[in-house]
Amino acid sequence: MASFYRFATLFLFFFSCFFNTSHSALVQEQPLLLKYHNGVLLKGNVTVNLIWYGEFTPIQRSIIVDFIHSLGSKRASPLSAASWWKTTEKYRGGSSSLSVVHQILHEKYTLGKLLKTTHLLALASKMNFAINSINVVLTAKDVAVDGFCMNRCGTHGSSRGSARGTYIWVGNSETQCPGYCAWPFHQPIYGPQTPPLVAPNGDVGVDGMIINLATLLANTVTNPFNSGYFQGPPTAPLEAVSACTGIFGSGSYPGYPGRALVDKTTGASYNAHGNNGRKYLLPAMWDPVTSACKTMV
């Protein structure tokens, strides 16, 4: 059976943080410790296949492709997307190098604009599953997906049968719920209403997708078949990046993503450089060496 990851809502994140702060004398927070469950991780050269469902502009597609290639770049300077990705090497050793190999465009909405989880798996199956591959389904801003904007911004899981592979789904939330799935580039639906940050690539929906895609890629390589690194029940695990929800830089707290760099020309916030001059704001990742959420700045 496919295993699924569902993002925790911002509301629950804000609530839990405030509750644990105001009741610190009565409630002891559970330590953040992702346990290794002796399963297979994705290591070596990992193939990423993209299935674009709905209408994406060439610029939007290039932002996301550049991001994935940035993670696999051999030039891992301190403030680069590749440096962020290198934290995954600390999970049982070895490295995962990502590269986009195949892409399929489904611009005619052949399954409609209201998709269920079974549709996502069907789209992911358009590419052959393989042990060291990730099939990524990306849905356009006018496509509604079951649970999207209510309890998830994306999903990762694994295929059934002998051809064992993994897949990811991420939706564009620009018109449906930017305050839920594209925060901090939009004011949050719940919690403190701090001013939003300027999206580094000038596209709130796609820059939000980058955050969720980064989260799910890291979660997938470190827990591909629900037997890798996670904390809590396997049906609702805290994983490499989902364990650090809402943290993008040092000094973060509920409603404030933490310290970020600011582009002097555009005013955009970012914490990592990518290929082709791209900039990205990447979430914190749990570091198994320090047992803490690691930020870029």
# chains A, B, ... in the order shown; residues from 1 in each chain; ligands from 1
>>> select_by_dssp(residues="region 102-180 of chain A", states="alpha helix (DSSP H)", output="PDB file with N, CA, C and O atoms, in the first residue's frame")
ATOM      1  N   THR A 117      -6.869  11.168  -4.936  1.00  0.00           N
ATOM      2  CA  THR A 117      -5.555  10.554  -4.764  1.00  0.00           C
ATOM      3  C   THR A 117      -5.306   9.470  -5.807  1.00  0.00           C
ATOM      4  O   THR A 117      -4.184   9.302  -6.291  1.00  0.00           O
ATOM      5  N   THR A 118      -6.344   8.742  -6.182  1.00  0.00           N
ATOM      6  CA  THR A 118      -6.184   7.701  -7.192  1.00  0.00           C
ATOM      7  C   THR A 118      -5.768   8.302  -8.535  1.00  0.00           C
ATOM      8  O   THR A 118      -5.018   7.679  -9.294  1.00  0.00           O
ATOM      9  N   HIS A 119      -6.250   9.523  -8.830  1.00  0.00           N
ATOM     10  CA  HIS A 119      -5.848  10.191 -10.066  1.00  0.00           C
ATOM     11  C   HIS A 119      -4.367  10.560 -10.024  1.00  0.00           C
ATOM     12  O   HIS A 119      -3.663  10.465 -11.039  1.00  0.00           O
ATOM     13  N   LEU A 120      -3.896  10.990  -8.845  1.00  0.00           N
ATOM     14  CA  LEU A 120      -2.491  11.368  -8.713  1.00  0.00           C
ATOM     15  C   LEU A 120      -1.587  10.166  -8.968  1.00  0.00           C
ATOM     16  O   LEU A 120      -0.565  10.273  -9.654  1.00  0.00           O
ATOM     17  N   LEU A 121      -1.974   9.015  -8.419  1.00  0.00           N
ATOM     18  CA  LEU A 121      -1.182   7.802  -8.633  1.00  0.00           C
ATOM     19  C   LEU A 121      -1.226   7.378 -10.095  1.00  0.00           C
ATOM     20  O   LEU A 121      -0.226   6.931 -10.659  1.00  0.00           O
ATOM     21  N   ALA A 122      -2.389   7.569 -10.735  1.00  0.00           N
ATOM     22  CA  ALA A 122      -2.505   7.230 -12.159  1.00  0.00           C
ATOM     23  C   ALA A 122      -1.601   8.121 -12.998  1.00  0.00           C
ATOM     24  O   ALA A 122      -0.946   7.654 -13.944  1.00  0.00           O
ATOM     25  N   LEU A 123      -1.535   9.414 -12.656  1.00  0.00           N
ATOM     26  CA  LEU A 123      -0.656  10.330 -13.384  1.00  0.00           C
ATOM     27  C   LEU A 123       0.808   9.974 -13.145  1.00  0.00           C
ATOM     28  O   LEU A 123       1.614   9.977 -14.080  1.00  0.00           O
ATOM     29  N   ALA A 124       1.143   9.669 -11.881  1.00  0.00           N
ATOM     30  CA  ALA A 124       2.528   9.284 -11.571  1.00  0.00           C
ATOM     31  C   ALA A 124       2.923   8.028 -12.324  1.00  0.00           C
ATOM     32  O   ALA A 124       4.084   7.854 -12.695  1.00  0.00           O
ATOM     33  N   PRO A 178      -2.991  30.466  -0.958  1.00  0.00           N
ATOM     34  CA  PRO A 178      -1.600  30.896  -0.784  1.00  0.00           C
ATOM     35  C   PRO A 178      -1.225  31.116   0.685  1.00  0.00           C
ATOM     36  O   PRO A 178      -0.065  30.950   1.057  1.00  0.00           O
ATOM     37  N   GLY A 179      -2.206  31.466   1.512  1.00  0.00           N
ATOM     38  CA  GLY A 179      -1.919  31.656   2.934  1.00  0.00           C
ATOM     39  C   GLY A 179      -1.709  30.365   3.687  1.00  0.00           C
ATOM     40  O   GLY A 179      -1.257  30.373   4.828  1.00  0.00           O
ATOM     41  N   TYR A 180      -2.003  29.262   3.040  1.00  0.00           N
ATOM     42  CA  TYR A 180      -1.808  27.940   3.647  1.00  0.00           C
ATOM     43  C   TYR A 180      -0.573  27.252   3.078  1.00  0.00           C
ATOM     44  O   TYR A 180       0.288  26.784   3.819  1.00  0.00           O
TER      45      TYR A 180
END
>>> residues_around(residues="Ser159 (chain A)", least_positions_apart="6", cutoff="12 Å", atoms="only C-alpha atoms", output="mmCIF file with C-alpha atoms, in the first residue's frame")
data_model
loop_
_atom_site.group_PDB
_atom_site.id
_atom_site.type_symbol
_atom_site.label_atom_id
_atom_site.label_comp_id
_atom_site.auth_asym_id
_atom_site.auth_seq_id
_atom_site.Cartn_x
_atom_site.Cartn_y
_atom_site.Cartn_z
ATOM 1 C CA MET A 1 0.000 0.000 0.000
ATOM 2 C CA ALA A 2 1.278 3.438 -0.851
ATOM 3 C CA SER A 3 2.427 5.492 2.088
ATOM 4 C CA PHE A 4 1.371 9.107 2.233
ATOM 5 C CA THR A 118 -6.184 7.701 -7.192
ATOM 6 C CA LEU A 120 -2.491 11.368 -8.713
ATOM 7 C CA LEU A 121 -1.182 7.802 -8.633
ATOM 8 C CA ALA A 122 -2.505 7.230 -12.159
ATOM 9 C CA LEU A 123 -0.656 10.330 -13.384
ATOM 10 C CA ALA A 124 2.528 9.284 -11.571
ATOM 11 C CA SER A 125 2.229 5.896 -13.275
ATOM 12 C CA MET A 127 6.265 7.190 -16.076
ATOM 13 C CA ASN A 128 7.684 3.747 -15.328
ATOM 14 C CA PHE A 129 8.468 3.274 -11.652
ATOM 15 C CA ALA A 130 11.998 2.271 -10.707
ATOM 16 C CA ILE A 131 13.773 1.754 -7.390
ATOM 17 C CA SER A 133 13.382 7.181 -9.353
ATOM 18 C CA ILE A 134 10.857 9.744 -8.162
ATOM 19 C CA ASN A 135 7.851 10.545 -10.347
ATOM 20 C CA GLY A 165 9.279 3.323 -6.974
ATOM 21 C CA THR A 166 8.279 6.562 -5.334
ATOM 22 C CA TYR A 167 6.150 9.513 -6.297
ATOM 23 C CA ILE A 168 5.371 13.033 -5.159
ATOM 24 C CA PRO A 224 10.905 6.395 0.630
ATOM 25 C CA PHE A 225 8.978 3.297 1.681
ATOM 26 C CA ASN A 226 7.783 4.263 5.150
#
>>> residues_around(residues="Cys181 (chain A)", least_positions_apart="3", cutoff="7 Å", atoms="only C-alpha atoms", output="VMD selection string")
chain A and resid 149 153 173 177 to 178 208
>>> residues_around(residues="region 86-102 of chain A", least_positions_apart="6", cutoff="6 Å", atoms="only C-alpha atoms", output="ChimeraX atom specification")
/A:43-49,69,72
>>> residues_around(residues="Gly228 (chain A)", least_positions_apart="4", cutoff="9 Å", atoms="only C-alpha atoms", output="PyMOL selection string")
chain A and resi 35-41+221-224
>>> residues_around(residues="Trp85 (chain A)", least_positions_apart="5", cutoff="9 Å", atoms="only C-alpha atoms", output="VMD selection string")
chain A and resid 71 to 72 76 80 96 214 218 285
>>> write_last_selection(atoms="all heavy atoms", output="compact mmCIF listing (two decimals), in the first residue's frame")
# COMPACT_ATOMS: atom_id res chain seq x y z
N LEU A 71 19.82 21.24 -6.73
CA LEU A 71 20.06 20.32 -5.62
C LEU A 71 21.16 19.32 -5.97
O LEU A 71 21.93 18.91 -5.10
CB LEU A 71 18.77 19.56 -5.27
CG LEU A 71 17.59 20.39 -4.77
CD1 LEU A 71 16.40 19.49 -4.48
CD2 LEU A 71 17.97 21.19 -3.51
N GLY A 72 21.24 18.94 -7.24
CA GLY A 72 22.24 17.97 -7.66
C GLY A 72 23.54 18.58 -8.13
O GLY A 72 24.43 17.87 -8.59
N ALA A 76 28.72 22.94 -4.20
CA ALA A 76 27.92 23.15 -2.99
C ALA A 76 28.54 24.24 -2.13
O ALA A 76 29.13 23.99 -1.08
CB ALA A 76 27.81 21.85 -2.21
N SER A 80 24.06 27.64 -0.92
CA SER A 80 23.52 27.11 -2.17
C SER A 80 22.47 26.05 -1.88
O SER A 80 22.44 25.44 -0.80
CB SER A 80 24.64 26.49 -3.02
OG SER A 80 25.16 25.34 -2.38
N SER A 96 22.73 11.50 -2.45
CA SER A 96 21.71 11.35 -3.48
C SER A 96 21.86 12.52 -4.44
O SER A 96 21.76 13.68 -4.03
CB SER A 96 20.31 11.35 -2.86
OG SER A 96 20.16 10.29 -1.95
N ALA A 214 10.70 20.89 -2.11
CA ALA A 214 11.94 20.65 -1.36
C ALA A 214 11.67 19.75 -0.16
O ALA A 214 12.42 18.80 0.12
CB ALA A 214 12.54 21.99 -0.91
N ALA A 218 13.22 15.78 0.10
CA ALA A 218 14.05 15.36 1.23
C ALA A 218 13.37 14.24 2.02
O ALA A 218 14.02 13.27 2.43
CB ALA A 218 14.35 16.55 2.13
N MET A 285 15.98 21.74 7.70
CA MET A 285 15.99 20.29 7.63
C MET A 285 16.59 19.73 8.92
O MET A 285 17.59 20.25 9.42
CB MET A 285 16.80 19.79 6.42
CG MET A 285 16.67 18.29 6.18
SD MET A 285 17.78 17.63 4.87
CE MET A 285 17.44 18.72 3.50
>>> closest_atom_pairs(of="region 71-189 of chain A", to="region 195-202 of chain A", cutoff="8 Å", atoms="only C-alpha atoms", output="tab-separated table")
residue	atom	partner	partner_atom	distance
A:Trp183	CA	A:Pro196	CA	7.5
A:Pro184	CA	A:Pro196	CA	5.6
A:Phe185	CA	A:Leu197	CA	4.8
A:His186	CA	A:Pro196	CA	4.8
A:Gln187	CA	A:Pro196	CA	5.3
>>> write_last_selection(atoms="C-alpha atoms", output="compact mmCIF listing (two decimals), in the first residue's frame")
# COMPACT_ATOMS: atom_id res chain seq x y z
CA TRP A 183 3.42 30.98 3.36
CA PRO A 184 5.59 32.99 4.05
CA PHE A 185 5.02 34.59 0.62
CA HIS A 186 1.42 35.34 1.64
CA GLN A 187 -0.17 36.24 4.95
>>> select_by_dssp(residues="region 47-85 of chain A", states="strand (DSSP E)", output="JSON list (two decimals) with C-alpha atoms, in the first residue's frame")
[["chain", "number", "residue", "atom", "x", "y", "z"],
["A", 47, "THR", "CA", 16.08, 10.10, -11.49],
["A", 48, "VAL", "CA", 13.32, 12.71, -11.20],
["A", 49, "ASN", "CA", 10.51, 12.55, -13.75],
["A", 50, "LEU", "CA", 8.05, 15.46, -13.97],
["A", 51, "ILE", "CA", 4.39, 15.17, -14.94],
["A", 52, "TRP", "CA", 2.90, 18.65, -15.46],
["A", 53, "TYR", "CA", -0.89, 18.52, -15.12]]
>>> closest_residue(among="A:Tyr109, A:Tyr229, A:Tyr253, A:Phe67", to="Leu281 (chain A)", atoms="only C-alpha atoms")
A:Phe67
>>> atom_distance(atom1="CA of Gly267 (chain A)", atom2="CA of Ile59 (chain A)")
20.2 Å
